[in-house]
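Below is one structure, written out as structure tokens, with a few remarks after it.
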2 protein chains.
Amino acid sequence: MNAEIISIGTELLLGNIVNTNTRDLSLMLADLGINVFWHSTVGDNPARLRESLLLAKSRADLIITTGGLGPTCDDLTRQTVCQVFGTEMYFDEKVKAELEEYFAAWAPNMPDNNLSQCWLPKGCTPFYNTCGTAPGCGFQAEGKTVLILPGPPKEMRAMMAHGGLDYLRKVSAEPIFSHNLHIFGMGESHVEEMLRDEMNALQNPSLAPYAKEGEVRLRVTAKAENAEKAEEMMAPIIALCREKLGDFIYGVDSDSLENTVLQLLKEKGLSFAAAESCTGGLIAKRITDLPGSSAVFRGGCTVYTNEAKNILLGLPYELIEEKSVYSPEVALALAENIRKILGSDFGIGVTGIAGPDGDGVHDVGTVFVALACEKGSFVRHLHLGARSDRSRIRTLSANYAFDMLRRALTGLEVNG
Amino acid sequence: MNAEIISIGTELLLGNIVNTNTRDLSLMLADLGINVFWHSTVGDNPARLRESLLLAKSRADLIITTGGLGPTCDDLTRQTVCQVFGTEMYFDEKVKAELEEYFAAWAPNMPDNNLSQCWLPKGCTPFYNTCGTAPGCGFQAEGKTVLILPGPPKEMRAMMAHGGLDYLRKVSAEPIFSHNLHIFGMGESHVEEMLRDEMNALQNPSLAPYAKEGEVRLRVTAKAENAEKAEEMMAPIIALCREKLGDFIYGVDSDSLENTVLQLLKEKGLSFAAAESCTGGLIAKRITDLPGSSAVFRGGCTVYTNEAKNILLGLPYELIEEKSVYSPEVALALAENIRKILGSDFGIGVTGIAGPDGDGVHDVGTVFVALACEKGSFVRHLHLGARSDRSRIRTLSANYAFDMLRRALTGLEVNG
């Protein structure tokens, strides 16, 4: 089964927003073992939308549209899809009831034009919208499978989780299930090298690596009549990967290092704090992006200047002058002092040069990440490379900080 | 002139990366007055790439490709584009020289397969790569204009800035120049209302609004034989917008509120510091994303917990209990104390509920943003709405903080 994703919305062609839906859907489809051959984007223009749908119909088995489901006159997806597939529409009373309930919560009464959202293709499986107004649906016509989804990323993801993915599993010849192993601290080629034989030999379940924002992921995919059977098939492969990659696997189907750390800290009832120089608040920002972080994050300081390092965290100016601000000693002092000051179980300290300008002595990308805890203090000297840019150096530095914390929390060698 | 952007790379179809190139290019083309009708994405597959190029050739005047310019065998853009347009290739000695110089900087000798990158379409205008290996180019064939650009966003943007945009201006019937006015604190529909007559009446220069991440932008575009003439034509329109929108315009062609603030602080030799509760380091992160921020950012504290507010910033527990942690008083104390502690000219304090869970008393989205400076202290009570999510509430809170600082720095009513 191969798929085409059609994103609908003039705001995408104007560059007003980044299209994250195609990325998110592509990942979900890959997990289902569905090959995505095409992404296309069209504006809110009936003729060009029709042209895109006809083209997709001619070359893909599965067509997924996002956007164009709003209540206004320039939202044309439902009608145009039905025209292209010669499908009649019907008025869905349940959608209407849901919309009325939705509006009752915050508006005196529902605008009439929202009623247009109640019209769906005859014979479809409706997907109700848990965080917006536009319903979506899945249906089959002329040997093709079509999914109609809303444009707002939050609504699209919720709808796939509650309806869309199950629908795709049902219509797939044989449903596909998968897990993603998240690996940090080892490059993609290295992972591939260690598991090349398995990757080449395995058919079902299958094993494939991919790189994602400074990390590597291994996707284990199994075709089976049900989830239970699939889990049975995948278990030994996952075990094998764990055996070969050990500590480098930081999570399974967990979405980020910081989320892994958050869950571990919650389980153990422990807390951390961060003193950031070159990451400048990025570690604090990433952990507090996650709901519930207040339970484990005691707080942090962004100590970009020597004065701030001295005033907020009591670093002696002598230490900074003697050892240089880019030194393991300063990173350790930052970690130990923030831990002491906020009384957290763990303290993180980061200092280094994110660039673009260096100090003439150290290379851009020279970063020291320190972790202080009951067991003692650890520091890591990173060479993130003059060829990565500021944003990548900051992101990787934060990744290493979270990974050191993750390792300490799971009883691993912190500097392993 | 209407355009199609073709993104090439299997990693996009696998969802391994978000496609930011189409967004960035779409914005650039809009500034040039070029309509983008299509985005399409294909993998590193010669047959499907060929099909996409033929389709684009049949429906667009300008075709821009990104990606597939690497030195490996699955990088097929150059050859395939030349086949589709019946253009021969030539070996560009200058590209070879640049590549050798590039490699000399960090590798013993250049891998032979990089030589494949020296082949370009005959008669093209080469665009040399200032931050990577793959050169790009622009050429015209069969009445179409084609731009070939590298996939890495940084390289693509640099190449458009140094060659691509000028090339497009040259081939455009009449070159187009534009400016973007950045507006904060006023909704798109409101901006439209205030300038509707001008938007409808004006042809050249033209005026159009668009919304971008919680802000509104007004694009002023002029067709003229040269930049000087275009500036003359745009000046009165910009003046008119300034007259109507006044303080709400925070910058022209400046890319963000934080960058505007950074430039203002640098000019005036002033500094700020931030004490963040619900924004959790986002303000520090955003200012330190910018090179040179160390000159104006004294540092910050992420004081997520009451303990941190007390220990790091000396807020009395009584104050927090008496007034509630979500109160103007706490926001003001945060701003005033961080300013005092770090001796900065300005202090920012933010407290509020980013959600998803509330405290049962205040609505999610209740945020207090305070600014302390020599003139005194100011606080703003925001209702960011239970219907925006955590990330949007945090982003908007940070936007308001930067905007209050911007207003103080330009002598405006801070709470205007």
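Chain labels follow the order of the structure tokens: the first chain is A, the next B, and so on; residue numbering restarts at 1 in every chain, and ligands are counted from 1 in their shown order.
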
Q: For chain B, list the residues within 7 Å of chain A, counting only C-alpha atoms, and write the list as a ChimeraX atom specification.
A: /B:13-20,23-24,26-27,30,36-43,211-212,280-282,284-285,288-289,291,294,298-305,308,342,356,391

Q: From the DSSP assignment of the backbone, select every residue of region 190-306 of chain B that is helix (DSSP H, G or I), and format the answer as JSON, numbers by chain.
A: {"B": [190, 191, 192, 193, 194, 195, 196, 197, 198, 199, 200, 201, 227, 228, 229, 230, 231, 232, 233, 234, 235, 236, 237, 238, 239, 240, 241, 242, 243, 244, 245, 246, 247, 248, 257, 258, 259, 260, 261, 262, 263, 264, 265, 266, 267, 268, 282, 283, 284, 285, 286, 287, 288, 293, 294, 295, 306]}

**Q.** Non-local contacts of Glu215 (chain B) (9 Å; only C-alpha atoms; under 3 positions in same chain excluded) as JSON, numbers by chain
**A.** {"B": [182, 183, 184, 185, 186, 187, 188, 210, 211, 212]}

Take the residues from that selection and write them out as a PDB file, in the first residue's frame, keeping all heavy atoms.
ATOM      1  N   HIS B 182       6.247  44.453  10.913  1.00  0.00           N
ATOM      2  CA  HIS B 182       5.909  43.478  11.954  1.00  0.00           C
ATOM      3  C   HIS B 182       5.058  44.140  13.020  1.00  0.00           C
ATOM      4  O   HIS B 182       5.445  45.164  13.569  1.00  0.00           O
ATOM      5  CB  HIS B 182       7.177  42.914  12.577  1.00  0.00           C
ATOM      6  CG  HIS B 182       8.025  42.168  11.606  1.00  0.00           C
ATOM      7  ND1 HIS B 182       8.373  40.851  11.783  1.00  0.00           N
ATOM      8  CD2 HIS B 182       8.565  42.548  10.426  1.00  0.00           C
ATOM      9  CE1 HIS B 182       9.123  40.470  10.764  1.00  0.00           C
ATOM     10  NE2 HIS B 182       9.246  41.474   9.923  1.00  0.00           N
ATOM     11  N   ILE B 183       3.904  43.530  13.273  1.00  0.00           N
ATOM     12  CA  ILE B 183       2.927  44.123  14.176  1.00  0.00           C
ATOM     13  C   ILE B 183       2.667  43.176  15.335  1.00  0.00           C
ATOM     14  O   ILE B 183       2.482  41.967  15.131  1.00  0.00           O
ATOM     15  CB  ILE B 183       1.613  44.392  13.414  1.00  0.00           C
ATOM     16  CG1 ILE B 183       1.857  45.466  12.352  1.00  0.00           C
ATOM     17  CG2 ILE B 183       0.490  44.801  14.357  1.00  0.00           C
ATOM     18  CD1 ILE B 183       1.065  45.266  11.097  1.00  0.00           C
ATOM     19  N   PHE B 184       2.686  43.712  16.545  1.00  0.00           N
ATOM     20  CA  PHE B 184       2.361  42.879  17.699  1.00  0.00           C
ATOM     21  C   PHE B 184       1.304  43.553  18.553  1.00  0.00           C
ATOM     22  O   PHE B 184       1.345  44.759  18.749  1.00  0.00           O
ATOM     23  CB  PHE B 184       3.597  42.593  18.558  1.00  0.00           C
ATOM     24  CG  PHE B 184       3.270  41.686  19.713  1.00  0.00           C
ATOM     25  CD1 PHE B 184       3.081  40.328  19.486  1.00  0.00           C
ATOM     26  CD2 PHE B 184       3.089  42.189  20.990  1.00  0.00           C
ATOM     27  CE1 PHE B 184       2.735  39.488  20.529  1.00  0.00           C
ATOM     28  CE2 PHE B 184       2.747  41.342  22.038  1.00  0.00           C
ATOM     29  CZ  PHE B 184       2.576  39.997  21.807  1.00  0.00           C
ATOM     30  N   GLY B 185       0.349  42.758  19.036  1.00  0.00           N
ATOM     31  CA  GLY B 185      -0.661  43.258  19.965  1.00  0.00           C
ATOM     32  C   GLY B 185      -1.970  43.628  19.286  1.00  0.00           C
ATOM     33  O   GLY B 185      -2.882  44.145  19.931  1.00  0.00           O
ATOM     34  N   MET B 186      -2.091  43.362  17.985  1.00  0.00           N
ATOM     35  CA  MET B 186      -3.318  43.650  17.244  1.00  0.00           C
ATOM     36  C   MET B 186      -3.595  42.474  16.307  1.00  0.00           C
ATOM     37  O   MET B 186      -2.674  41.972  15.673  1.00  0.00           O
ATOM     38  CB  MET B 186      -3.128  44.935  16.430  1.00  0.00           C
ATOM     39  CG  MET B 186      -4.399  45.513  15.847  1.00  0.00           C
ATOM     40  SD  MET B 186      -4.032  46.907  14.750  1.00  0.00           S
ATOM     41  CE  MET B 186      -4.001  48.253  15.913  1.00  0.00           C
ATOM     42  N   GLY B 187      -4.849  42.013  16.266  1.00  0.00           N
ATOM     43  CA  GLY B 187      -5.195  40.849  15.445  1.00  0.00           C
ATOM     44  C   GLY B 187      -5.222  41.165  13.962  1.00  0.00           C
ATOM     45  O   GLY B 187      -5.340  42.323  13.566  1.00  0.00           O
ATOM     46  N   GLU B 188      -5.124  40.102  13.137  1.00  0.00           N
ATOM     47  CA  GLU B 188      -5.092  40.299  11.684  1.00  0.00           C
ATOM     48  C   GLU B 188      -6.354  40.993  11.176  1.00  0.00           C
ATOM     49  O   GLU B 188      -6.282  41.941  10.389  1.00  0.00           O
ATOM     50  CB  GLU B 188      -4.928  38.940  10.984  1.00  0.00           C
ATOM     51  CG  GLU B 188      -4.729  39.064   9.480  1.00  0.00           C
ATOM     52  CD  GLU B 188      -4.558  37.699   8.795  1.00  0.00           C
ATOM     53  OE1 GLU B 188      -4.795  36.672   9.453  1.00  0.00           O
ATOM     54  OE2 GLU B 188      -4.209  37.689   7.602  1.00  0.00           O
ATOM     55  N   TYR B 210      -0.543  39.277   6.629  1.00  0.00           N
ATOM     56  CA  TYR B 210      -0.613  37.841   6.927  1.00  0.00           C
ATOM     57  C   TYR B 210      -0.246  37.606   8.385  1.00  0.00           C
ATOM     58  O   TYR B 210       0.473  38.397   8.997  1.00  0.00           O
ATOM     59  CB  TYR B 210       0.253  37.016   5.970  1.00  0.00           C
ATOM     60  CG  TYR B 210       1.751  37.294   6.011  1.00  0.00           C
ATOM     61  CD1 TYR B 210       2.607  36.446   6.712  1.00  0.00           C
ATOM     62  CD2 TYR B 210       2.300  38.375   5.332  1.00  0.00           C
ATOM     63  CE1 TYR B 210       3.977  36.671   6.743  1.00  0.00           C
ATOM     64  CE2 TYR B 210       3.668  38.609   5.355  1.00  0.00           C
ATOM     65  CZ  TYR B 210       4.498  37.763   6.058  1.00  0.00           C
ATOM     66  OH  TYR B 210       5.850  37.990   6.091  1.00  0.00           O
ATOM     67  N   ALA B 211      -0.808  36.532   8.930  1.00  0.00           N
ATOM     68  CA  ALA B 211      -0.583  36.207  10.339  1.00  0.00           C
ATOM     69  C   ALA B 211       0.577  35.225  10.441  1.00  0.00           C
ATOM     70  O   ALA B 211       0.754  34.368   9.583  1.00  0.00           O
ATOM     71  CB  ALA B 211      -1.837  35.583  10.935  1.00  0.00           C
ATOM     72  N   LYS B 212       1.403  35.421  11.469  1.00  0.00           N
ATOM     73  CA  LYS B 212       2.525  34.497  11.648  1.00  0.00           C
ATOM     74  C   LYS B 212       2.817  34.354  13.134  1.00  0.00           C
ATOM     75  O   LYS B 212       3.173  35.331  13.792  1.00  0.00           O
ATOM     76  CB  LYS B 212       3.751  35.018  10.887  1.00  0.00           C
ATOM     77  CG  LYS B 212       4.922  34.070  10.870  1.00  0.00           C
ATOM     78  CD  LYS B 212       5.888  34.411   9.741  1.00  0.00           C
ATOM     79  CE  LYS B 212       6.997  33.383   9.625  1.00  0.00           C
ATOM     80  NZ  LYS B 212       7.991  33.480  10.712  1.00  0.00           N
TER      81      LYS B 212
END

Q: Enter the distance from CA of Glu267 (chain B) to CA of Leu409 (chain B), in Å, rounded to one decimal.
A: 10.2 Å

(Q) as a PyMOL selection string, please: the residues near Val330 (chain A) (cut-off 9 Å, only C-alpha atoms, same-chain neighbours under 3 positions excluded). (A) chain A and resi 315+319-320+323-327+333-335+349-351+368+370

(Q) Can you pull out the residues contacting Glu228 (chain B)? Cut-off 12 Å, using only C-alpha atoms, and skip same-chain residues under 6 positions away; I want them as a PyMOL selection string. (A) chain B and resi 175-178+222+234-235

(Q) Env of region 111-120 of chain B: 9 Å cut, atoms = only C-alpha atoms, seq-sep filter 4 positions within chain, self excluded. Answer as number ranges by chain. (A) B: 69-73, 78-79, 82, 88-96, 99, 103, 124, 126, 133-137

**Q.** Proximity to Glu413 (chain A) - best of A:Asp247, A:Leu270, A:Leu257, A:Lys340, only C-alpha atoms
**A.**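 Once distances to Glu413 (chain A) are computed over only C-alpha atoms, the minimum belongs to A:Asp247.
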
Q | Separation of CA of Ala201 (chain B) from CA of Ser189 (chain B), in Å and rounded to one decimal | A |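 Between these atoms lies a distance of 17.6 Å.
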
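Counting only C-alpha atoms and comparing B:Leu382, B:Met160, B:Ile237, B:Leu218, the residue that lies closest to His362 (chain B) is B:Leu382.
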
Q: Between A:Gly251, A:Gly138, A:Gly360, A:Pro121, single out the one closest to Ile238 (chain A), counting only C-alpha atoms.
A: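 Of the candidates, the smallest distance to Ile238 (chain A) is held by A:Gly251.
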
Q. Looking only at the backbone, which of the residues in region 367-415 of chain B does DSSP tag as strand (DSSP E), as a list in words?
A.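 Everything in region 367-415 of chain B that counts as strand (DSSP E) is Val367, Phe368, Val369, Ala370, Leu371, Ala372, Cys373, Gly376, Ser377, Phe378, Val379, Arg380, His381, Leu382 and His383 of chain B.
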